[in-house]
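Participant: Sharing entry_6.pdb here; it has PDB, C-alpha atoms, pLDDT in the B column.
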ATOM      1  CA  MET A   1     -25.683  42.509  36.590  1.00 62.00           C
ATOM      2  CA  LYS A   2     -27.111  42.610  33.072  1.00 60.00           C
ATOM      3  CA  ILE A   3     -23.952  44.286  31.756  1.00 66.00           C
ATOM      4  CA  LYS A   4     -21.768  41.615  33.380  1.00 65.00           C
ATOM      5  CA  LYS A   5     -23.933  38.843  31.956  1.00 66.00           C
ATOM      6  CA  LYS A   6     -23.690  40.371  28.480  1.00 66.00           C
ATOM      7  CA  LYS A   7     -19.892  40.641  28.753  1.00 69.00           C
ATOM      8  CA  PHE A   8     -19.674  37.045  29.984  1.00 67.00           C
ATOM      9  CA  LEU A   9     -21.909  35.873  27.137  1.00 70.00           C
ATOM     10  CA  ARG A  10     -19.770  37.752  24.597  1.00 71.00           C
ATOM     11  CA  ILE A  11     -16.624  36.123  25.998  1.00 73.00           C
ATOM     12  CA  ILE A  12     -18.213  32.655  25.737  1.00 76.00           C
ATOM     13  CA  ILE A  13     -19.299  33.349  22.168  1.00 73.00           C
ATOM     14  CA  LEU A  14     -15.796  34.570  21.232  1.00 70.00           C
ATOM     15  CA  ILE A  15     -14.239  31.476  22.777  1.00 75.00           C
ATOM     16  CA  VAL A  16     -16.620  29.180  20.861  1.00 71.00           C
ATOM     17  CA  ILE A  17     -15.902  31.040  17.614  1.00 71.00           C
ATOM     18  CA  ALA A  18     -12.136  30.814  18.251  1.00 66.00           C
ATOM     19  CA  VAL A  19     -12.374  27.066  18.916  1.00 70.00           C
ATOM     20  CA  LEU A  20     -14.486  26.477  15.814  1.00 69.00           C
ATOM     21  CA  LEU A  21     -12.149  28.621  13.716  1.00 65.00           C
ATOM     22  CA  ALA A  22      -9.092  26.733  14.978  1.00 63.00           C
ATOM     23  CA  PHE A  23     -10.799  23.416  14.207  1.00 62.00           C
ATOM     24  CA  LEU A  24     -11.755  24.590  10.719  1.00 67.00           C
ATOM     25  CA  ILE A  25      -8.232  25.825   9.981  1.00 64.00           C
ATOM     26  CA  ASN A  26      -6.699  22.574  11.240  1.00 70.00           C
ATOM     27  CA  PHE A  27      -9.163  20.484   9.214  1.00 63.00           C
ATOM     28  CA  THR A  28      -8.509  22.527   6.067  1.00 74.00           C
ATOM     29  CA  VAL A  29      -4.714  22.397   6.437  1.00 70.00           C
ATOM     30  CA  ASN A  30      -4.849  18.645   7.116  1.00 81.00           C
ATOM     31  CA  LYS A  31      -7.028  18.077   4.039  1.00 89.00           C
ATOM     32  CA  ILE A  32      -4.683  20.135   1.870  1.00 92.00           C
ATOM     33  CA  GLN A  33      -1.713  18.082   3.097  1.00 93.00           C
ATOM     34  CA  GLU A  34      -3.577  14.802   2.526  1.00 96.00           C
ATOM     35  CA  ASN A  35      -4.436  15.772  -1.061  1.00 96.00           C
ATOM     36  CA  LYS A  36      -0.856  16.898  -1.628  1.00 96.00           C
ATOM     37  CA  PHE A  37       0.647  13.518  -0.694  1.00 97.00           C
ATOM     38  CA  LYS A  38      -2.086  11.599  -2.488  1.00 97.00           C
ATOM     39  CA  LYS A  39      -1.243  13.555  -5.651  1.00 97.00           C
ATOM     40  CA  ILE A  40       2.474  12.834  -5.189  1.00 97.00           C
ATOM     41  CA  LEU A  41       1.778   9.091  -5.055  1.00 98.00           C
ATOM     42  CA  LYS A  42      -0.552   9.207  -8.065  1.00 97.00           C
ATOM     43  CA  ASN A  43       1.964  11.184 -10.136  1.00 97.00           C
ATOM     44  CA  ASN A  44       4.765   8.784  -9.181  1.00 96.00           C
ATOM     45  CA  ASP A  45       2.794   5.586  -9.723  1.00 97.00           C
ATOM     46  CA  SER A  46       4.064   2.847 -12.042  1.00 97.00           C
ATOM     47  CA  GLN A  47       2.873  -0.283 -13.865  1.00 97.00           C
ATOM     48  CA  ASN A  48       6.464  -1.485 -14.350  1.00 98.00           C
ATOM     49  CA  TYR A  49       8.464  -1.925 -11.173  1.00 98.00           C
ATOM     50  CA  GLU A  50      10.634  -4.156  -9.033  1.00 98.00           C
ATOM     51  CA  LEU A  51       9.765  -4.109  -5.337  1.00 98.00           C
ATOM     52  CA  VAL A  52      11.889  -5.627  -2.560  1.00 98.00           C
ATOM     53  CA  GLU A  53      10.087  -5.953   0.783  1.00 97.00           C
ATOM     54  CA  THR A  54      12.011  -6.724   3.967  1.00 97.00           C
ATOM     55  CA  VAL A  55      10.224  -7.873   7.128  1.00 95.00           C
ATOM     56  CA  ASN A  56      12.272  -9.108  10.092  1.00 87.00           C
ATOM     57  CA  GLY A  57      15.240  -9.699   7.798  1.00 89.00           C
ATOM     58  CA  GLU A  58      13.205 -11.805   5.341  1.00 94.00           C
ATOM     59  CA  GLU A  59      13.048 -10.546   1.749  1.00 96.00           C
ATOM     60  CA  THR A  60      10.417 -11.015  -0.914  1.00 97.00           C
ATOM     61  CA  LYS A  61      10.767  -9.648  -4.446  1.00 98.00           C
ATOM     62  CA  THR A  62       7.931  -8.592  -6.708  1.00 98.00           C
ATOM     63  CA  PHE A  63       8.292  -7.890 -10.431  1.00 98.00           C
ATOM     64  CA  VAL A  64       5.407  -6.262 -12.318  1.00 98.00           C
ATOM     65  CA  ARG A  65       4.918  -5.441 -15.978  1.00 98.00           C
ATOM     66  CA  ASP A  66       1.979  -5.509 -18.425  1.00 96.00           C
ATOM     67  CA  LYS A  67      -0.513  -6.588 -15.725  1.00 97.00           C
ATOM     68  CA  THR A  68       1.683  -9.607 -15.012  1.00 98.00           C
ATOM     69  CA  LEU A  69       3.361 -10.283 -11.669  1.00 98.00           C
ATOM     70  CA  LEU A  70       6.151 -12.519 -10.435  1.00 98.00           C
ATOM     71  CA  LEU A  71       6.602 -12.887  -6.682  1.00 98.00           C
ATOM     72  CA  GLU A  72       9.789 -14.525  -5.410  1.00 98.00           C
ATOM     73  CA  ASP A  73       9.867 -15.782  -1.820  1.00 96.00           C
ATOM     74  CA  GLY A  74      12.855 -18.065  -1.462  1.00 93.00           C
ATOM     75  CA  ASN A  75      12.260 -21.214  -3.523  1.00 95.00           C
ATOM     76  CA  ILE A  76       8.557 -20.462  -3.845  1.00 97.00           C
ATOM     77  CA  LYS A  77       7.493 -18.314  -6.781  1.00 98.00           C
ATOM     78  CA  THR A  78       4.071 -17.039  -7.781  1.00 98.00           C
ATOM     79  CA  TRP A  79       3.263 -15.932 -11.313  1.00 98.00           C
ATOM     80  CA  VAL A  80       0.013 -14.056 -11.961  1.00 98.00           C
ATOM     81  CA  SER A  81      -1.528 -12.741 -15.179  1.00 97.00           C
ATOM     82  CA  GLU A  82      -4.546 -10.483 -14.774  1.00 97.00           C
ATOM     83  CA  PHE A  83      -5.309 -10.603 -18.502  1.00 95.00           C
ATOM     84  CA  ASP A  84      -5.292 -14.421 -18.559  1.00 95.00           C
ATOM     85  CA  SER A  85      -6.996 -14.797 -15.145  1.00 95.00           C
ATOM     86  CA  LYS A  86      -4.283 -17.308 -14.343  1.00 97.00           C
ATOM     87  CA  ARG A  87      -1.909 -17.998 -11.443  1.00 97.00           C
ATOM     88  CA  VAL A  88       0.951 -20.458 -11.077  1.00 98.00           C
ATOM     89  CA  ILE A  89       2.550 -21.222  -7.708  1.00 97.00           C
ATOM     90  CA  TYR A  90       5.695 -23.303  -8.051  1.00 98.00           C
ATOM     91  CA  ASP A  91       8.511 -24.621  -5.880  1.00 97.00           C
ATOM     92  CA  GLU A  92      11.842 -24.583  -7.736  1.00 96.00           C
ATOM     93  CA  GLU A  93      13.470 -26.949  -5.225  1.00 96.00           C
ATOM     94  CA  ARG A  94      10.755 -29.612  -5.053  1.00 96.00           C
ATOM     95  CA  LYS A  95       9.765 -29.157  -8.712  1.00 97.00           C
ATOM     96  CA  THR A  96       6.066 -28.938  -7.946  1.00 97.00           C
ATOM     97  CA  ALA A  97       3.505 -26.480  -9.310  1.00 97.00           C
ATOM     98  CA  ILE A  98      -0.154 -25.589  -8.781  1.00 97.00           C
ATOM     99  CA  ILE A  99      -2.063 -23.865 -11.569  1.00 96.00           C
ATOM    100  CA  ASP A 100      -5.122 -21.748 -10.856  1.00 95.00           C
ATOM    101  CA  GLU A 101      -7.069 -20.818 -13.997  1.00 93.00           C
ATOM    102  CA  ASN A 102     -10.159 -18.805 -14.910  1.00 92.00           C
ATOM    103  CA  ASP A 103      -9.991 -16.738 -11.727  1.00 91.00           C
ATOM    104  CA  GLU A 104     -11.284 -13.297 -12.686  1.00 90.00           C
ATOM    105  CA  SER A 105     -10.600 -11.991  -9.177  1.00 92.00           C
ATOM    106  CA  LEU A 106      -6.846 -12.005  -9.865  1.00 95.00           C
ATOM    107  CA  LYS A 107      -5.558  -8.427  -9.999  1.00 96.00           C
ATOM    108  CA  VAL A 108      -2.097  -7.011 -10.602  1.00 97.00           C
ATOM    109  CA  ASN A 109      -1.925  -3.565  -9.047  1.00 97.00           C
ATOM    110  CA  SER A 110       0.274  -0.568  -9.720  1.00 97.00           C
ATOM    111  CA  LEU A 111       3.108   0.415  -7.374  1.00 97.00           C
ATOM    112  CA  ASN A 112       1.116   2.844  -5.208  1.00 98.00           C
ATOM    113  CA  TYR A 113      -2.335   1.304  -5.545  1.00 97.00           C
ATOM    114  CA  THR A 114      -2.443  -0.050  -1.984  1.00 95.00           C
ATOM    115  CA  TYR A 115      -1.374   3.230  -0.384  1.00 97.00           C
ATOM    116  CA  ILE A 116      -3.882   5.266  -2.400  1.00 97.00           C
ATOM    117  CA  ASN A 117      -6.820   2.855  -2.217  1.00 97.00           C
ATOM    118  CA  ASP A 118      -6.436   1.406   1.293  1.00 96.00           C
ATOM    119  CA  PHE A 119      -5.379   4.588   3.061  1.00 96.00           C
ATOM    120  CA  PHE A 120      -5.940   7.898   1.224  1.00 96.00           C
ATOM    121  CA  GLU A 121      -9.250   6.886  -0.372  1.00 95.00           C
ATOM    122  CA  ASN A 122     -10.486   4.847   2.583  1.00 95.00           C
ATOM    123  CA  SER A 123     -13.038   6.762   4.672  1.00 90.00           C
ATOM    124  CA  ASN A 124     -12.239   4.453   7.591  1.00 93.00           C
ATOM    125  CA  GLN A 125      -8.707   5.902   7.824  1.00 94.00           C
ATOM    126  CA  LYS A 126      -7.979   9.246   9.493  1.00 94.00           C
ATOM    127  CA  PHE A 127      -4.947  11.056   8.035  1.00 96.00           C
ATOM    128  CA  LYS A 128      -2.409  13.141   9.922  1.00 95.00           C
ATOM    129  CA  TYR A 129       0.885  14.629   8.743  1.00 96.00           C
ATOM    130  CA  LEU A 130       3.594  14.222  11.385  1.00 96.00           C
ATOM    131  CA  GLY A 131       6.389  16.223   9.728  1.00 95.00           C
ATOM    132  CA  LYS A 132       9.722  15.046   8.352  1.00 96.00           C
ATOM    133  CA  GLU A 133      12.022  12.326   9.650  1.00 96.00           C
ATOM    134  CA  ASN A 134      15.325  11.220   8.084  1.00 94.00           C
ATOM    135  CA  GLY A 135      14.494  12.774   4.712  1.00 96.00           C
ATOM    136  CA  CYS A 136      10.995  11.316   4.625  1.00 98.00           C
ATOM    137  CA  TYR A 137       7.514  12.725   5.062  1.00 98.00           C
ATOM    138  CA  LYS A 138       5.913  10.886   7.979  1.00 98.00           C
ATOM    139  CA  LEU A 139       2.257  10.114   7.260  1.00 98.00           C
ATOM    140  CA  GLN A 140      -0.069   8.639   9.878  1.00 97.00           C
ATOM    141  CA  PHE A 141      -3.309   6.762   9.236  1.00 97.00           C
ATOM    142  CA  LYS A 142      -5.475   5.804  12.186  1.00 95.00           C
ATOM    143  CA  GLU A 143      -8.247   3.302  11.653  1.00 93.00           C
ATOM    144  CA  ASN A 144     -11.605   4.445  13.004  1.00 87.00           C
ATOM    145  CA  LYS A 145     -12.920   2.502  16.028  1.00 81.00           C
ATOM    146  CA  SER A 146      -9.629   0.604  16.222  1.00 84.00           C
ATOM    147  CA  LYS A 147      -6.218   0.914  17.812  1.00 80.00           C
ATOM    148  CA  LYS A 148      -4.459   0.147  14.527  1.00 93.00           C
ATOM    149  CA  ILE A 149      -2.125   2.909  13.358  1.00 96.00           C
ATOM    150  CA  THR A 150      -0.118   2.828  10.130  1.00 97.00           C
ATOM    151  CA  LEU A 151       2.870   5.066   9.444  1.00 98.00           C
ATOM    152  CA  LEU A 152       4.126   5.601   5.904  1.00 98.00           C
ATOM    153  CA  TYR A 153       7.580   7.097   5.288  1.00 98.00           C
ATOM    154  CA  LEU A 154       7.547   8.850   1.905  1.00 98.00           C
ATOM    155  CA  ASN A 155      10.989   9.905   0.637  1.00 98.00           C
ATOM    156  CA  GLU A 156      10.824  13.637  -0.112  1.00 96.00           C
ATOM    157  CA  LYS A 157      13.314  13.356  -3.011  1.00 96.00           C
ATOM    158  CA  THR A 158      12.306  10.124  -4.747  1.00 96.00           C
ATOM    159  CA  ASN A 159       8.576  10.283  -3.829  1.00 97.00           C
ATOM    160  CA  ILE A 160       8.706   6.566  -3.008  1.00 97.00           C
ATOM    161  CA  VAL A 161       7.400   4.934   0.184  1.00 98.00           C
ATOM    162  CA  GLU A 162      10.489   3.527   1.892  1.00 97.00           C
ATOM    163  CA  LYS A 163       8.993   2.131   5.077  1.00 97.00           C
ATOM    164  CA  MET A 164       5.678   1.193   6.634  1.00 97.00           C
ATOM    165  CA  ILE A 165       5.064   0.637  10.339  1.00 97.00           C
ATOM    166  CA  GLN A 166       1.794  -0.958  11.434  1.00 95.00           C
ATOM    167  CA  ASN A 167       0.942  -0.850  15.123  1.00 93.00           C
ATOM    168  CA  ALA A 168      -2.078  -2.546  16.670  1.00 83.00           C
ATOM    169  CA  GLY A 169      -1.764  -2.379  20.437  1.00 78.00           C
ATOM    170  CA  ASN A 170       1.103  -4.644  21.504  1.00 81.00           C
ATOM    171  CA  PHE A 171       1.852  -5.781  17.937  1.00 85.00           C
ATOM    172  CA  GLU A 172       4.140  -3.845  15.590  1.00 91.00           C
ATOM    173  CA  LEU A 173       5.138  -4.799  12.066  1.00 94.00           C
ATOM    174  CA  VAL A 174       7.918  -2.926  10.256  1.00 96.00           C
ATOM    175  CA  THR A 175       8.268  -3.329   6.487  1.00 97.00           C
ATOM    176  CA  GLU A 176      11.037  -1.681   4.465  1.00 97.00           C
ATOM    177  CA  PHE A 177      10.805  -1.169   0.706  1.00 98.00           C
ATOM    178  CA  LYS A 178      13.282  -0.763  -2.135  1.00 97.00           C
ATOM    179  CA  VAL A 179      11.862   0.176  -5.517  1.00 97.00           C
ATOM    180  CA  GLU A 180      13.183   0.352  -9.066  1.00 97.00           C
ATOM    181  CA  LYS A 181      10.811   1.571 -11.752  1.00 97.00           C
ATOM    182  CA  ASN A 182      10.764   0.732 -15.468  1.00 96.00           C
ATOM    183  CA  LYS A 183      13.390  -2.003 -15.098  1.00 95.00           C
ATOM    184  CA  VAL A 184      11.315  -5.184 -15.505  1.00 98.00           C
ATOM    185  CA  SER A 185      11.763  -6.962 -18.853  1.00 97.00           C
ATOM    186  CA  LYS A 186       9.197  -9.112 -20.653  1.00 97.00           C
ATOM    187  CA  GLU A 187      11.493 -12.095 -20.189  1.00 97.00           C
ATOM    188  CA  LYS A 188      11.419 -11.665 -16.407  1.00 97.00           C
ATOM    189  CA  ILE A 189       7.644 -11.982 -16.190  1.00 97.00           C
ATOM    190  CA  ALA A 190       7.251 -14.614 -18.929  1.00 97.00           C
ATOM    191  CA  TYR A 191       5.152 -17.701 -18.209  1.00 97.00           C
ATOM    192  CA  PRO A 192       7.300 -20.081 -16.110  1.00 97.00           C
ATOM    193  CA  ASP A 193       8.897 -23.106 -17.758  1.00 97.00           C
ATOM    194  CA  LEU A 194       7.392 -26.048 -15.873  1.00 97.00           C
ATOM    195  CA  THR A 195       9.281 -28.761 -17.735  1.00 96.00           C
ATOM    196  CA  GLY A 196      10.078 -31.521 -15.247  1.00 96.00           C
ATOM    197  CA  TYR A 197       7.586 -30.236 -12.673  1.00 97.00           C
ATOM    198  CA  ARG A 198       4.793 -32.235 -11.074  1.00 97.00           C
ATOM    199  CA  VAL A 199       1.831 -30.040 -12.016  1.00 96.00           C
ATOM    200  CA  THR A 200      -1.601 -30.092 -10.394  1.00 94.00           C
ATOM    201  CA  ASP A 201      -4.656 -27.912 -10.852  1.00 90.00           C
ATOM    202  CA  SER A 202      -6.113 -25.755  -8.128  1.00 79.00           C
ATOM    203  CA  VAL A 203      -9.556 -26.790  -6.832  1.00 63.00           C
ATOM    204  CA  ASN A 204     -10.765 -23.435  -8.215  1.00 64.00           C
ATOM    205  CA  SER A 205      -9.664 -24.278 -11.760  1.00 57.00           C
ATOM    206  CA  ASN A 206     -11.361 -26.042 -14.620  1.00 52.00           C
ATOM    207  CA  PRO A 207      -9.776 -29.362 -15.647  1.00 48.00           C
ATOM    208  CA  SER A 208      -6.421 -28.711 -17.293  1.00 42.00           C
ATOM    209  CA  SER A 209      -4.387 -30.580 -19.825  1.00 39.00           C
ATOM    210  CA  ASN A 210      -1.152 -29.868 -17.932  1.00 40.00           C
ATOM    211  CA  SER A 211       0.767 -32.940 -16.878  1.00 36.00           C
ATOM    212  CA  ALA A 212       4.178 -33.828 -15.567  1.00 33.00           C
ATOM    213  CA  GLU A 213       6.863 -34.203 -18.167  1.00 32.00           C
TER     214      GLU A 213
END
Produce structure tokens that represent the structure in this file.

Facilitator:
Amino acid sequence: MKIKKKKFLRIIILIVIAVLLAFLINFTVNKIQENKFKKILKNNDSQNYELVETVNGEETKTFVRDKTLLLEDGNIKTWVSEFDSKRVIYDEERKTAIIDENDESLKVNSLNYTYINDFFENSNQKFKYLGKENGCYKLQFKENKSKKITLLYLNEKTNIVEKMIQNAGNFELVTEFKVEKNKVSKEKIAYPDLTGYRVTDSVNSNPSSNSAE
């Protein structure tokens, strides 16, 4: 009986060791893959880029250069300068504009900032590599204590995120991206010409001297 118990105990110990070893190998491989893709995004980051986002057929365009951003969403445009702590939201059709000044919270991020900061460097997100699909690396991030899952499709040739799918239970949001780097001119992100606009100040701004022309 003692011999049988010893053999049984050895088998249990070997099984536990095998399970722990498999877990350790999987964890290590997963961490290596996570660091690999994080490095790819960091090495391919940019402070000068044009980004076209498409959601349900609706396009928005973002132009970034020198910590200045111009967002185009139909007739509505938003200009932001991080250095000047200033934002202008203007409607080209209605000729109206709102100016928000002295807002130090305004930030203009690099191309891959959101992916790196909100996913790879977020301890609340669990990473998993799901292999390749249509020429893209498929990267999964699952939010801890939540049903929300985000999939990033990173093109293996261009090293650019082409698509993001966010799934939270019954809700799914698909966003497609087109990116061109180092193409944005200074003229494109220049302060908007508000001649002829009805200009008002944001409630967050100090009194401004801007007025309608």

Participant: Quote the spacing between atom CA of A:Asp66 and atom CA of A:Val88 in Å to one decimal place.

Facilitator: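 The value is 16.7 Å.
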
Participant: Nearest residue to A:Val199 out of A:Tyr90, A:Tyr49, A:Tyr153, A:Trp79, using all atoms listed in the file?

Facilitator: A:Tyr90

Participant: If you apply the PyMOL selection byres ((chain A and resi 166) around 12) to this file, what residues do you get, as a list in words?

Facilitator: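 What the PyMOL selection byres ((chain A and resi 166) around 12) grabs from the file is Val55, Leu139, Gln140, Phe141, Lys142, Glu143, Lys147, Lys148, Ile149, Thr150, Leu151, Leu152, Tyr153, Lys163, Met164, Ile165, Asn167, Ala168, Gly169, Asn170, Phe171, Glu172, Leu173, Val174, Thr175 and Glu176 of chain A.
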
Participant: Closest to A:Lys178 among A:Asn26, A:Thr54, A:Ser146, A:Ser46, using only C-alpha atoms?

Facilitator: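 So, comparing all the options, the nearest one is A:Thr54.
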
Participant: As a list in words, please: the residues near A:Asn122 (cut-off 12 Å, all atoms listed in the file, same-chain neighbours under 5 positions excluded).

Facilitator: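 Contacts, with the query itself left out: Lys38, Thr114, Tyr115, Ile116, Asn117, Phe127, Phe141, Lys142, Glu143 and Asn144 of chain A.
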
Participant: If you measure from atom CA of A:Glu92 to atom CA of A:Gly196, what distance in Å do you get, rounded to one decimal?

Facilitator: 10.4 Å

Participant: One number please: atom CA of A:Arg65 to atom CA of A:Asn182, in Å, one decimal.

Facilitator: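 Pair atom CA of A:Arg65 / atom CA of A:Asn182 returns 8.5 Å.
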
Participant: Report the residues retrieved by the PyMOL selection byres ((chain A and resi 72) around 6) from the displayed file, expressed as a PyMOL selection string.

Facilitator: chain A and resi 60-61+71+73+77

Participant: Do you know which residues the PyMOL selection byres ((chain A and resi 191) around 12) returns on this file, as a PyMOL selection string?

Facilitator: chain A and resi 68-70+77-81+84+86-90+99+186-190+192-195

Participant: Measuring atom to atom with only C-alpha atoms, identify which of A:Ser85, A:Asn30, A:Ser185, A:Asn159 is nearest to A:Asp103.

Facilitator: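 Among the listed residues, the smallest separation from A:Asp103 belongs to A:Ser85.
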
Participant: Looking at A:Glu58, A:Glu34, A:Gln47, A:Asn102, which one is nearest to A:Asp201, with distances taken over all atoms listed in the file?

Facilitator: A:Asn102

Participant: For the point (10.6, 11.5, 2.3) in file coordinates, what residues are within 6 Å, counting all atoms listed in the file? Give the answer as number ranges by chain?

Facilitator: A: 135-137, 154-156

Participant: How would stretch 100-109 of chain A look written as a PDB file, in the first residue's frame with all heavy atoms?

Facilitator:
ATOM      1  N   ASP A 100     -11.580  77.876 -27.443  1.00  0.00           N
ATOM      2  CA  ASP A 100     -11.283  77.429 -26.083  1.00  0.00           C
ATOM      3  C   ASP A 100      -9.802  77.699 -25.825  1.00  0.00           C
ATOM      4  O   ASP A 100      -8.941  77.117 -26.479  1.00  0.00           O
ATOM      5  CB  ASP A 100     -11.598  75.932 -25.964  1.00  0.00           C
ATOM      6  CG  ASP A 100     -11.460  75.432 -24.539  1.00  0.00           C
ATOM      7  OD1 ASP A 100     -11.283  76.256 -23.635  1.00  0.00           O
ATOM      8  OD2 ASP A 100     -11.527  74.204 -24.339  1.00  0.00           O
ATOM      9  N   GLU A 101      -9.510  78.606 -24.897  1.00  0.00           N
ATOM     10  CA  GLU A 101      -8.122  79.006 -24.655  1.00  0.00           C
ATOM     11  C   GLU A 101      -7.663  78.654 -23.242  1.00  0.00           C
ATOM     12  O   GLU A 101      -8.470  78.417 -22.341  1.00  0.00           O
ATOM     13  CB  GLU A 101      -7.963  80.518 -24.861  1.00  0.00           C
ATOM     14  CG  GLU A 101      -8.220  80.959 -26.292  1.00  0.00           C
ATOM     15  CD  GLU A 101      -7.999  82.445 -26.472  1.00  0.00           C
ATOM     16  OE1 GLU A 101      -8.756  83.225 -25.860  1.00  0.00           O
ATOM     17  OE2 GLU A 101      -7.066  82.820 -27.209  1.00  0.00           O
ATOM     18  N   ASN A 102      -6.330  78.631 -23.085  1.00  0.00           N
ATOM     19  CA  ASN A 102      -5.711  78.394 -21.783  1.00  0.00           C
ATOM     20  C   ASN A 102      -6.125  77.066 -21.154  1.00  0.00           C
ATOM     21  O   ASN A 102      -6.281  76.961 -19.942  1.00  0.00           O
ATOM     22  CB  ASN A 102      -6.032  79.544 -20.815  1.00  0.00           C
ATOM     23  CG  ASN A 102      -5.621  80.890 -21.373  1.00  0.00           C
ATOM     24  OD1 ASN A 102      -4.536  81.026 -21.939  1.00  0.00           O
ATOM     25  ND2 ASN A 102      -6.487  81.879 -21.238  1.00  0.00           N
ATOM     26  N   ASP A 103      -6.304  76.061 -21.990  1.00  0.00           N
ATOM     27  CA  ASP A 103      -6.660  74.725 -21.513  1.00  0.00           C
ATOM     28  C   ASP A 103      -5.419  73.838 -21.600  1.00  0.00           C
ATOM     29  O   ASP A 103      -5.084  73.303 -22.649  1.00  0.00           O
ATOM     30  CB  ASP A 103      -7.789  74.143 -22.362  1.00  0.00           C
ATOM     31  CG  ASP A 103      -8.305  72.820 -21.813  1.00  0.00           C
ATOM     32  OD1 ASP A 103      -7.655  72.261 -20.897  1.00  0.00           O
ATOM     33  OD2 ASP A 103      -9.346  72.345 -22.292  1.00  0.00           O
ATOM     34  N   GLU A 104      -4.735  73.696 -20.471  1.00  0.00           N
ATOM     35  CA  GLU A 104      -3.482  72.933 -20.455  1.00  0.00           C
ATOM     36  C   GLU A 104      -3.700  71.425 -20.561  1.00  0.00           C
ATOM     37  O   GLU A 104      -2.739  70.671 -20.672  1.00  0.00           O
ATOM     38  CB  GLU A 104      -2.688  73.273 -19.190  1.00  0.00           C
ATOM     39  CG  GLU A 104      -2.231  74.723 -19.150  1.00  0.00           C
ATOM     40  CD  GLU A 104      -1.395  75.029 -17.926  1.00  0.00           C
ATOM     41  OE1 GLU A 104      -1.200  74.118 -17.094  1.00  0.00           O
ATOM     42  OE2 GLU A 104      -0.928  76.185 -17.801  1.00  0.00           O
ATOM     43  N   SER A 105      -4.955  70.999 -20.503  1.00  0.00           N
ATOM     44  CA  SER A 105      -5.245  69.565 -20.630  1.00  0.00           C
ATOM     45  C   SER A 105      -5.243  69.107 -22.088  1.00  0.00           C
ATOM     46  O   SER A 105      -5.270  67.906 -22.359  1.00  0.00           O
ATOM     47  CB  SER A 105      -6.603  69.241 -20.002  1.00  0.00           C
ATOM     48  OG  SER A 105      -7.668  69.821 -20.758  1.00  0.00           O
ATOM     49  N   LEU A 106      -5.206  70.059 -23.027  1.00  0.00           N
ATOM     50  CA  LEU A 106      -5.229  69.713 -24.443  1.00  0.00           C
ATOM     51  C   LEU A 106      -3.933  69.012 -24.838  1.00  0.00           C
ATOM     52  O   LEU A 106      -2.845  69.548 -24.639  1.00  0.00           O
ATOM     53  CB  LEU A 106      -5.428  70.959 -25.305  1.00  0.00           C
ATOM     54  CG  LEU A 106      -6.782  71.665 -25.169  1.00  0.00           C
ATOM     55  CD1 LEU A 106      -6.772  72.975 -25.948  1.00  0.00           C
ATOM     56  CD2 LEU A 106      -7.919  70.759 -25.650  1.00  0.00           C
ATOM     57  N   LYS A 107      -4.042  67.828 -25.397  1.00  0.00           N
ATOM     58  CA  LYS A 107      -2.886  67.047 -25.816  1.00  0.00           C
ATOM     59  C   LYS A 107      -3.048  66.591 -27.258  1.00  0.00           C
ATOM     60  O   LYS A 107      -4.141  66.213 -27.687  1.00  0.00           O
ATOM     61  CB  LYS A 107      -2.701  65.815 -24.921  1.00  0.00           C
ATOM     62  CG  LYS A 107      -2.495  66.132 -23.443  1.00  0.00           C
ATOM     63  CD  LYS A 107      -1.216  66.916 -23.192  1.00  0.00           C
ATOM     64  CE  LYS A 107      -1.032  67.252 -21.717  1.00  0.00           C
ATOM     65  NZ  LYS A 107       0.159  68.099 -21.485  1.00  0.00           N
ATOM     66  N   VAL A 108      -1.954  66.626 -27.983  1.00  0.00           N
ATOM     67  CA  VAL A 108      -1.931  66.106 -29.358  1.00  0.00           C
ATOM     68  C   VAL A 108      -0.979  64.917 -29.354  1.00  0.00           C
ATOM     69  O   VAL A 108       0.232  65.075 -29.180  1.00  0.00           O
ATOM     70  CB  VAL A 108      -1.458  67.180 -30.361  1.00  0.00           C
ATOM     71  CG1 VAL A 108      -1.383  66.585 -31.766  1.00  0.00           C
ATOM     72  CG2 VAL A 108      -2.415  68.373 -30.338  1.00  0.00           C
ATOM     73  N   ASN A 109      -1.545  63.733 -29.526  1.00  0.00           N
ATOM     74  CA  ASN A 109      -0.766  62.505 -29.369  1.00  0.00           C
ATOM     75  C   ASN A 109      -0.177  62.009 -30.680  1.00  0.00           C
ATOM     76  O   ASN A 109      -0.643  62.351 -31.767  1.00  0.00           O
ATOM     77  CB  ASN A 109      -1.638  61.412 -28.760  1.00  0.00           C
ATOM     78  CG  ASN A 109      -2.101  61.762 -27.350  1.00  0.00           C
ATOM     79  OD1 ASN A 109      -1.327  62.293 -26.559  1.00  0.00           O
ATOM     80  ND2 ASN A 109      -3.348  61.480 -27.050  1.00  0.00           N
TER      81      ASN A 109
END
